[in-house]
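File shown here: run36.cif, holding mmCIF, C-alpha atoms.
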data_protein
loop_
_atom_site.label_atom_id
_atom_site.label_comp_id
_atom_site.auth_asym_id
_atom_site.auth_seq_id
_atom_site.Cartn_x
_atom_site.Cartn_y
_atom_site.Cartn_z
CA MET A 1 -150.23 20.90 -14.31
CA GLN A 2 -150.21 21.80 -10.65
CA GLU A 3 -153.90 21.06 -10.28
CA ALA A 4 -153.57 17.78 -12.12
CA GLY A 5 -150.80 16.80 -9.73
CA ASN A 6 -152.91 17.64 -6.69
CA SER A 7 -155.81 15.74 -8.13
CA SER A 8 -153.62 12.70 -8.64
CA GLN A 9 -152.29 12.84 -5.08
CA SER A 10 -155.79 13.23 -3.72
CA SER A 11 -156.98 10.24 -5.69
CA GLU A 12 -154.08 8.08 -4.49
CA SER A 13 -154.66 9.00 -0.85
CA THR A 14 -158.13 7.49 -0.92
CA GLN A 15 -156.83 4.07 -1.94
CA GLU A 16 -156.38 1.30 0.68
CA PRO A 17 -152.64 0.86 1.33
CA LYS A 18 -151.27 -2.63 0.55
CA ARG A 19 -149.92 -4.72 3.45
CA PHE A 20 -147.62 -7.70 3.23
CA LYS A 21 -147.16 -10.27 5.99
CA ILE A 22 -144.12 -12.55 6.16
CA GLN A 23 -145.27 -16.11 6.60
CA LYS A 24 -142.90 -17.09 9.41
CA ARG A 25 -145.08 -19.92 10.60
CA ARG A 26 -144.57 -21.94 7.42
CA HIS A 27 -140.80 -21.57 7.59
CA GLY A 28 -140.83 -22.33 11.30
CA ARG A 29 -142.76 -25.54 10.70
CA PHE A 30 -140.36 -26.50 7.94
CA ASP A 31 -137.37 -25.87 10.24
CA ARG A 32 -138.92 -27.94 13.01
CA GLU A 33 -139.56 -30.80 10.61
CA GLU A 34 -135.99 -30.64 9.36
CA ARG A 35 -134.63 -30.60 12.89
CA GLN A 36 -136.86 -33.55 13.81
CA LYS A 37 -135.66 -35.52 10.78
CA LYS A 38 -132.03 -34.81 11.66
CA PHE A 39 -132.66 -35.78 15.30
CA GLU A 40 -134.32 -39.06 14.30
CA LEU A 41 -131.51 -39.85 11.85
CA GLN A 42 -128.88 -39.14 14.49
CA LYS A 43 -130.75 -41.26 17.02
CA MET A 44 -130.99 -44.13 14.53
CA ARG A 45 -127.25 -43.94 13.88
CA GLU A 46 -126.49 -43.91 17.61
CA GLU A 47 -128.76 -46.93 18.16
CA GLN A 48 -127.03 -48.79 15.33
CA LEU A 49 -123.62 -48.01 16.82
CA LYS A 50 -124.80 -49.06 20.27
CA LYS A 51 -126.22 -52.30 18.89
CA HIS A 52 -122.89 -52.97 17.22
CA ASP A 53 -121.02 -52.31 20.49
CA ILE A 54 -123.37 -54.63 22.37
CA GLU A 55 -122.81 -57.39 19.80
CA MET A 56 -119.06 -56.86 20.13
CA ALA A 57 -119.34 -57.05 23.92
CA ALA A 58 -121.45 -60.22 23.66
CA SER A 59 -118.72 -61.83 21.54
CA ARG A 60 -116.16 -60.59 24.08
CA ALA A 61 -114.40 -58.54 21.39
CA ILE A 62 -114.60 -55.43 23.61
CA ASN A 63 -115.39 -54.82 27.29
CA VAL A 64 -118.43 -52.86 28.39
CA ASP A 65 -116.62 -49.98 30.09
CA GLN A 66 -116.96 -47.57 27.18
CA ILE A 67 -120.67 -48.38 26.75
CA VAL A 68 -121.39 -47.97 30.46
CA ARG A 69 -119.38 -44.74 30.73
CA GLN A 70 -121.13 -43.20 27.71
CA HIS A 71 -124.56 -44.24 28.97
CA TYR A 72 -124.16 -42.70 32.42
CA ASN A 73 -122.55 -39.57 31.00
CA GLU A 74 -125.66 -39.14 28.84
CA ARG A 75 -128.01 -39.96 31.74
CA ALA A 76 -126.35 -37.30 33.90
CA PHE A 77 -127.32 -34.72 31.27
CA ILE A 78 -130.84 -36.09 30.73
CA ALA A 79 -131.58 -36.22 34.46
CA LYS A 80 -130.96 -32.49 34.78
CA LYS A 81 -133.85 -31.84 32.41
CA SER A 82 -136.35 -34.26 33.92
CA ARG A 83 -138.72 -33.96 36.84
CA ARG A 84 -138.11 -36.89 39.15
CA ASN A 85 -141.61 -36.89 40.67
CA LEU A 86 -143.10 -37.48 37.21
CA SER A 87 -140.93 -40.53 36.48
CA PRO A 88 -142.92 -43.69 35.61
CA ILE A 89 -140.56 -45.65 37.88
CA ILE A 90 -140.82 -43.35 40.88
CA LYS A 91 -142.18 -46.18 43.08
CA LEU A 92 -139.30 -48.44 42.07
CA ARG A 93 -136.81 -45.66 42.85
CA ASN A 94 -138.45 -45.18 46.26
CA PHE A 95 -138.28 -48.92 46.94
CA ASN A 96 -134.58 -49.06 46.00
CA ASN A 97 -133.89 -46.07 48.22
CA ALA A 98 -135.69 -47.74 51.10
CA LEU A 99 -133.43 -50.80 50.74
CA LYS A 100 -130.33 -48.61 50.76
CA PHE A 101 -131.58 -46.62 53.75
CA MET A 102 -131.93 -49.84 55.74
CA LEU A 103 -128.45 -51.09 54.77
CA VAL A 104 -126.81 -47.74 55.55
CA ASP A 105 -128.62 -47.45 58.88
CA LYS A 106 -127.67 -51.00 59.89
CA TYR A 107 -123.99 -50.92 58.98
CA THR A 108 -122.78 -47.36 59.58
CA GLN A 109 -121.97 -45.60 62.83
CA LYS A 110 -121.10 -42.09 63.86
CA GLY A 111 -117.65 -41.07 62.66
CA ASP A 112 -117.29 -43.83 60.04
CA VAL A 113 -115.33 -43.46 56.82
CA VAL A 114 -117.37 -44.72 53.87
CA LEU A 115 -116.18 -45.69 50.38
CA GLU A 116 -118.89 -45.98 47.73
CA LEU A 117 -117.93 -47.72 44.49
CA GLY A 118 -120.13 -46.64 41.59
CA CYS A 119 -121.42 -43.63 43.51
CA GLY A 120 -123.13 -42.12 40.46
CA LYS A 121 -124.47 -38.61 41.03
CA GLY A 122 -124.16 -38.87 44.82
CA GLY A 123 -127.76 -39.84 45.46
CA ASP A 124 -126.88 -41.55 48.75
CA LEU A 125 -125.11 -38.59 50.37
CA ARG A 126 -128.19 -37.64 52.37
CA LYS A 127 -128.51 -41.20 53.69
CA TYR A 128 -125.02 -41.07 55.16
CA GLY A 129 -125.69 -37.61 56.54
CA ALA A 130 -128.41 -39.14 58.71
CA THR A 131 -125.87 -41.52 60.31
CA ASP A 132 -123.31 -38.76 60.96
CA ILE A 133 -120.28 -40.30 59.25
CA SER A 134 -117.01 -38.33 59.10
CA GLN A 135 -115.90 -38.91 55.50
CA PHE A 136 -117.46 -40.10 52.23
CA ILE A 137 -115.26 -41.20 49.32
CA GLY A 138 -117.23 -41.67 46.11
CA ILE A 139 -115.75 -43.22 42.96
CA ASP A 140 -117.46 -43.63 39.59
CA ILE A 141 -116.41 -44.37 36.01
CA SER A 142 -118.63 -41.57 34.64
CA ASN A 143 -116.99 -38.16 34.83
CA ALA A 144 -120.34 -36.46 34.12
CA SER A 145 -121.90 -38.27 37.10
CA ILE A 146 -119.03 -37.14 39.34
CA GLN A 147 -119.55 -33.55 38.20
CA GLU A 148 -123.23 -33.82 39.10
CA ALA A 149 -122.30 -35.33 42.47
CA HIS A 150 -120.09 -32.30 43.15
CA LYS A 151 -123.02 -29.99 42.36
CA ARG A 152 -125.33 -32.01 44.59
CA TYR A 153 -122.87 -31.85 47.47
CA ARG A 154 -122.37 -28.08 47.11
CA SER A 155 -126.15 -27.60 47.22
CA MET A 156 -126.44 -29.51 50.53
CA LYS A 157 -125.87 -26.98 53.29
CA ASN A 158 -126.28 -29.21 56.33
CA LEU A 159 -123.89 -32.09 55.66
CA SER A 160 -121.21 -32.15 58.33
CA PHE A 161 -118.89 -34.79 56.82
CA GLN A 162 -116.08 -34.46 54.29
CA VAL A 163 -116.84 -35.55 50.72
CA ILE A 164 -114.19 -36.63 48.19
CA LEU A 165 -115.35 -37.53 44.68
CA ILE A 166 -113.12 -39.30 42.15
CA THR A 167 -113.50 -40.45 38.53
CA ALA A 168 -112.01 -43.94 38.12
CA ASP A 169 -112.74 -47.52 37.10
CA CYS A 170 -113.70 -49.21 40.37
CA PHE A 171 -113.59 -52.74 38.98
CA GLY A 172 -111.04 -53.01 36.19
CA GLU A 173 -108.15 -51.17 37.83
CA SER A 174 -106.44 -50.83 41.19
CA LEU A 175 -107.81 -47.97 43.28
CA GLY A 176 -104.32 -47.03 44.48
CA PRO A 177 -103.36 -44.72 41.58
CA ALA A 178 -106.88 -43.24 41.49
CA VAL A 179 -106.91 -42.15 45.15
CA GLU A 180 -103.21 -41.19 45.39
CA PRO A 181 -103.85 -37.55 44.27
CA PHE A 182 -106.34 -37.22 47.17
CA PRO A 183 -104.23 -37.40 50.37
CA ASP A 184 -107.24 -36.55 52.56
CA CYS A 185 -108.75 -40.00 51.90
CA ARG A 186 -108.65 -41.92 55.16
CA PHE A 187 -108.00 -45.59 54.45
CA PRO A 188 -108.83 -48.21 55.59
CA CYS A 189 -112.58 -47.53 55.57
CA ASP A 190 -115.26 -48.72 57.95
CA LEU A 191 -117.72 -49.42 55.15
CA VAL A 192 -117.52 -50.12 51.41
CA SER A 193 -120.81 -49.88 49.52
CA CYS A 194 -121.58 -50.92 45.94
CA GLN A 195 -125.24 -50.37 45.07
CA PHE A 196 -126.81 -51.62 41.82
CA CYS A 197 -123.55 -51.73 39.86
CA PHE A 198 -121.44 -54.71 40.99
CA HIS A 199 -122.82 -56.74 38.06
CA TYR A 200 -120.41 -54.84 35.78
CA ALA A 201 -117.53 -56.51 37.62
CA PHE A 202 -118.63 -59.98 36.48
CA GLU A 203 -117.61 -59.36 32.89
CA SER A 204 -114.63 -61.62 33.59
CA GLU A 205 -113.03 -63.46 36.49
CA ARG A 206 -110.06 -61.10 36.37
CA LYS A 207 -112.37 -58.10 36.74
CA ALA A 208 -114.42 -59.69 39.54
CA ARG A 209 -111.25 -60.51 41.45
CA ARG A 210 -109.88 -57.00 40.96
CA ALA A 211 -113.15 -55.53 42.26
CA LEU A 212 -113.10 -57.69 45.40
CA LEU A 213 -109.40 -57.00 45.92
CA ASN A 214 -110.18 -53.27 45.79
CA VAL A 215 -112.90 -53.84 48.40
CA SER A 216 -110.79 -55.97 50.76
CA LYS A 217 -107.75 -53.65 50.58
CA SER A 218 -109.99 -50.65 51.32
CA LEU A 219 -111.68 -52.17 54.40
CA ARG A 220 -110.40 -52.19 57.95
CA VAL A 221 -110.53 -55.47 59.85
CA GLY A 222 -114.11 -55.82 61.09
CA GLY A 223 -115.48 -53.44 58.45
CA HIS A 224 -118.44 -54.25 56.20
CA PHE A 225 -118.97 -54.55 52.48
CA ILE A 226 -122.61 -54.01 51.49
CA GLY A 227 -124.31 -53.99 48.11
CA THR A 228 -127.35 -54.79 46.01
CA ILE A 229 -127.20 -57.00 42.90
CA PRO A 230 -129.69 -58.63 40.50
CA ASP A 231 -130.98 -61.99 41.78
CA SER A 232 -129.27 -64.64 39.64
CA GLU A 233 -131.76 -67.30 40.72
CA PHE A 234 -134.67 -65.21 39.46
CA ILE A 235 -132.83 -64.74 36.14
CA ARG A 236 -132.36 -68.53 35.89
CA TYR A 237 -136.04 -69.04 36.72
CA LYS A 238 -137.05 -66.79 33.82
CA LEU A 239 -134.56 -68.39 31.40
CA ASN A 240 -135.81 -71.89 32.27
CA LYS A 241 -139.17 -71.00 30.72
CA PHE A 242 -137.66 -70.78 27.22
CA GLY A 243 -137.07 -73.60 24.78
CA LYS A 244 -133.64 -74.37 23.34
CA ASP A 245 -134.71 -73.01 19.93
CA VAL A 246 -135.08 -69.43 21.27
CA GLU A 247 -132.01 -67.57 20.01
CA LYS A 248 -132.33 -64.43 22.17
CA PRO A 249 -134.38 -65.07 25.34
CA SER A 250 -136.11 -61.86 26.45
CA TRP A 251 -138.75 -60.88 28.96
CA GLY A 252 -140.21 -57.76 30.56
CA ASN A 253 -143.13 -55.34 30.37
CA SER A 254 -143.78 -51.66 29.68
CA ILE A 255 -141.30 -50.63 32.40
CA TYR A 256 -138.34 -52.97 31.96
CA ARG A 257 -136.84 -55.57 29.62
CA VAL A 258 -134.04 -58.14 29.94
CA THR A 259 -132.56 -59.60 26.73
CA PHE A 260 -129.83 -62.22 26.42
CA GLU A 261 -127.78 -61.91 23.25
CA ASN A 262 -127.49 -65.69 22.82
CA ASN A 263 -128.96 -68.96 24.09
CA GLU A 264 -125.79 -70.52 25.52
CA TYR A 265 -127.58 -71.13 28.80
CA LEU A 266 -130.38 -73.07 27.10
CA LYS A 267 -128.04 -75.08 24.89
CA ASN A 268 -125.93 -75.98 27.94
CA ASP A 269 -128.80 -77.88 29.63
CA ASN A 270 -129.97 -74.77 31.48
CA GLU A 271 -126.62 -74.03 33.08
CA PHE A 272 -124.33 -71.08 32.50
CA PRO A 273 -121.15 -72.24 30.72
CA SER A 274 -119.16 -69.97 33.05
CA PRO A 275 -120.05 -67.92 36.14
CA PHE A 276 -118.44 -64.92 34.40
CA GLY A 277 -119.26 -63.05 31.23
CA GLN A 278 -122.94 -64.06 31.05
CA MET A 279 -124.16 -60.88 29.41
CA TYR A 280 -127.66 -59.53 28.96
CA THR A 281 -128.90 -56.06 28.05
CA TYR A 282 -131.17 -54.26 30.46
CA TRP A 283 -133.70 -51.57 29.62
CA LEU A 284 -135.51 -49.66 32.37
CA GLU A 285 -137.92 -46.86 31.50
CA ASP A 286 -136.52 -43.43 32.34
CA ALA A 287 -133.26 -44.87 33.67
CA ILE A 288 -131.29 -47.43 31.64
CA ASP A 289 -131.20 -47.69 27.84
CA ASN A 290 -130.25 -51.25 26.87
CA VAL A 291 -126.95 -51.31 28.73
CA PRO A 292 -124.98 -54.58 28.97
CA GLU A 293 -124.94 -56.18 32.41
CA TYR A 294 -123.68 -59.52 33.71
CA VAL A 295 -125.26 -62.26 35.79
CA VAL A 296 -123.73 -62.46 39.29
CA PRO A 297 -124.11 -66.06 40.56
CA PHE A 298 -124.35 -65.48 44.28
CA GLU A 299 -122.40 -68.57 45.34
CA THR A 300 -119.53 -67.55 43.06
CA LEU A 301 -119.54 -64.07 44.62
CA ARG A 302 -119.60 -65.54 48.13
CA SER A 303 -116.77 -67.94 47.34
CA LEU A 304 -114.58 -65.19 45.86
CA ALA A 305 -115.30 -62.85 48.77
CA ASP A 306 -114.23 -65.67 51.10
CA GLU A 307 -110.89 -65.87 49.27
CA TYR A 308 -110.33 -62.18 49.96
CA GLY A 309 -111.00 -62.47 53.68
CA MET A 310 -114.70 -61.56 53.78
CA ALA A 311 -117.29 -63.78 55.47
CA LEU A 312 -120.97 -63.66 54.52
CA GLU A 313 -123.04 -62.04 57.26
CA LEU A 314 -126.38 -61.36 55.57
CA GLN A 315 -128.05 -62.27 52.29
#
Turn the structure described in the file into structure tokens.
Amino acid sequence: MQEAGNSSQSSESTQEPKRFKIQKRRHGRFDREERQKKFELQKMREEQLKKHDIEMAASRAINVDQIVRQHYNERAFIAKKSRRNLSPIIKLRNFNNALKFMLVDKYTQKGDVVLELGCGKGGDLRKYGATDISQFIGIDISNASIQEAHKRYRSMKNLSFQVILITADCFGESLGPAVEPFPDCRFPCDLVSCQFCFHYAFESERKARRALLNVSKSLRVGGHFIGTIPDSEFIRYKLNKFGKDVEKPSWGNSIYRVTFENNEYLKNDNEFPSPFGQMYTYWLEDAIDNVPEYVVPFETLRSLADEYGMALELQ
């Protein structure tokens, strides 16, 4: 019996041992596919909700504040993951920055106090550093953008001026309650800047007037209000190319797209029924995802600014 046992063990030891491999790759691929499906479904739902919000804004059932705030909160997160130098609109960004550099250089002096409405993530801080201002007050409706602006400021070691950053609605509400908790703010300011965002104020006449009242009450006598807005005459030029039967006039290319939600302009003999509330959605690759904006007829802006004690110096 002993020998038989040894013989059996000897025979078994010469056999090739069996090996089993867990097929993780198949499960991993399945998980990725499931995650992708869930992501696409969630994205589709978000797009449907956004489309609904845009339609509601177009019918003036809601204002655009919540859409704009959500968009820029999301963009603040996305921007952290992206590499700016690889952006397909890097040349456009550089061009916009060049315009702002020229405005800042022309209208700021050493020791100035600057208020920037719609300051975003603080991208213009370095520009004001070059002119040696004494204080920068930045206000934006997006709390995520303000948080990113704080991080940007803390990372800049050689800025000599004071920076105060505030989350608030620059256009729909008085700035008084927003800045009251910040006693270091030195009003009136030498310069108020509003770059690439004043079009949100033209949702209604009430909002446009509130925005300009905020500007005029924030400025010292002799101070300047500078900004950059979409060219309403160019928008009219593009709209004039459409026939009255086009329900949603739209134009653009692989980088940008402008879409009007109705054809009121065309049906009104190529005139806007009102200088306020003329909404379109704007898509810009790697920057803006179909966010509602409003036409800013320049003569209406100039006339309103005149009412609030501001005279046009440069267009």
Inset, instruction - Give as a ChimeraX atom specification each residue that has an atom at most 7 Å from (-124.9, -48.3, 40.4) in the file, counting all atoms listed in the file. - result: /A:118-120,194-197
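When all atoms listed in the file are used to measure the gap to A:Ser216, the shortest distance among A:Val258, A:Glu180, A:Arg186, A:Met310 belongs to A:Met310.
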Inset, instruction - Please work out which residues fall within 9 Å of (-123.3, -35.9, 39.1), coordinates as given in the file, with all atoms listed in the file counting, and return them as a PyMOL selection string. - result: chain A and resi 73+76-77+120-123+142-152
Inset, instruction - Let me know the residues the PyMOL selection byres ((chain A and resi 107) around 12) catches in the file above, as a list in words. - result: Lys100, Phe101, Met102, Leu103, Val104, Asp105, Lys106, Thr108, Gln109, Lys110, Asp112, Val113, Val114, Lys127, Tyr128, Thr131, Ile133, Asp190, Leu191, Val192, Ser193, Gly222, Gly223, His224, Phe225, Ile226, Gly227, Glu313 and Leu314 of chain A
Legend entry - Nearest residue to A:Gln315 from the set A:Asp184, A:Glu293, A:Glu299, A:Glu271 (distances using only C-alpha atoms):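 For A:Gln315, the nearest of the candidates is A:Glu299.
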Legend entry - Residue among A:Val163, A:Cys170, A:Val291, A:Leu266 lying closest to A:Arg209, counting only C-alpha atoms: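 Answer, going by the shortest atom-to-atom distance: A:Cys170.
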Inset, instruction - I would like the residues chosen by the PyMOL selection byres ((chain A and resi 138) around 7) on the shown file; could you give them as a ChimeraX atom specification? - result: /A:115-117,119,136-137,139-140,164-166
Inset, instruction - Enumerate, as a list of chain:residue names, the residues matched when the PyMOL selection byres ((chain A and resi 246) around 10) is run on the file above. - result: A:Phe242, A:Gly243, A:Lys244, A:Asp245, A:Glu247, A:Lys248, A:Pro249, A:Ser250, A:Asn262, A:Asn263, A:Leu266, A:Lys267
Legend entry - One-decimal distance in Å that lies between atom CA of A:Gln162 and atom CA of A:Ser174: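 These two atoms are separated by 23.1 Å.
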Inset, instruction - May I ask for the distance between atom CA of A:Phe171 and atom CA of A:Glu307, given in Å to one decimal place? - result: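 It comes out at 16.9 Å.
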Legend entry - Shortest interatomic distance to A:Arg93 - which of A:Asp286, A:Gly172, A:Pro177, A:Pro273, counting all atoms listed in the file: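 Among the listed residues, the smallest separation from A:Arg93 belongs to A:Asp286.
Note that the spacing between atom CA of A:Glu233 and atom CA of A:Val295 amounts to 9.6 Å.
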For stretch 87-99 of chain A, take all atoms listed in the file, fit an axis-aligned box around them, add 3 Å to each of the six sides, then output centre and edge lengths in Å rounded to one decimal, as JSON.
{"center_x": -138.2, "center_y": -45.7, "center_z": 43.4, "size_x": 15.5, "size_y": 16.3, "size_z": 21.5}
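Of the residues under consideration (A:Ser134, A:Leu125, A:Ala201, A:Ser303), A:Leu125 shows the shortest atom-to-atom contact distance to A:Tyr153 when counting all atoms listed in the file.
Distances to A:Asn214 were evaluated for A:Tyr308, A:Tyr265, A:Phe95, A:Tyr294 using all atoms listed in the file, and the minimum falls at A:Tyr308.
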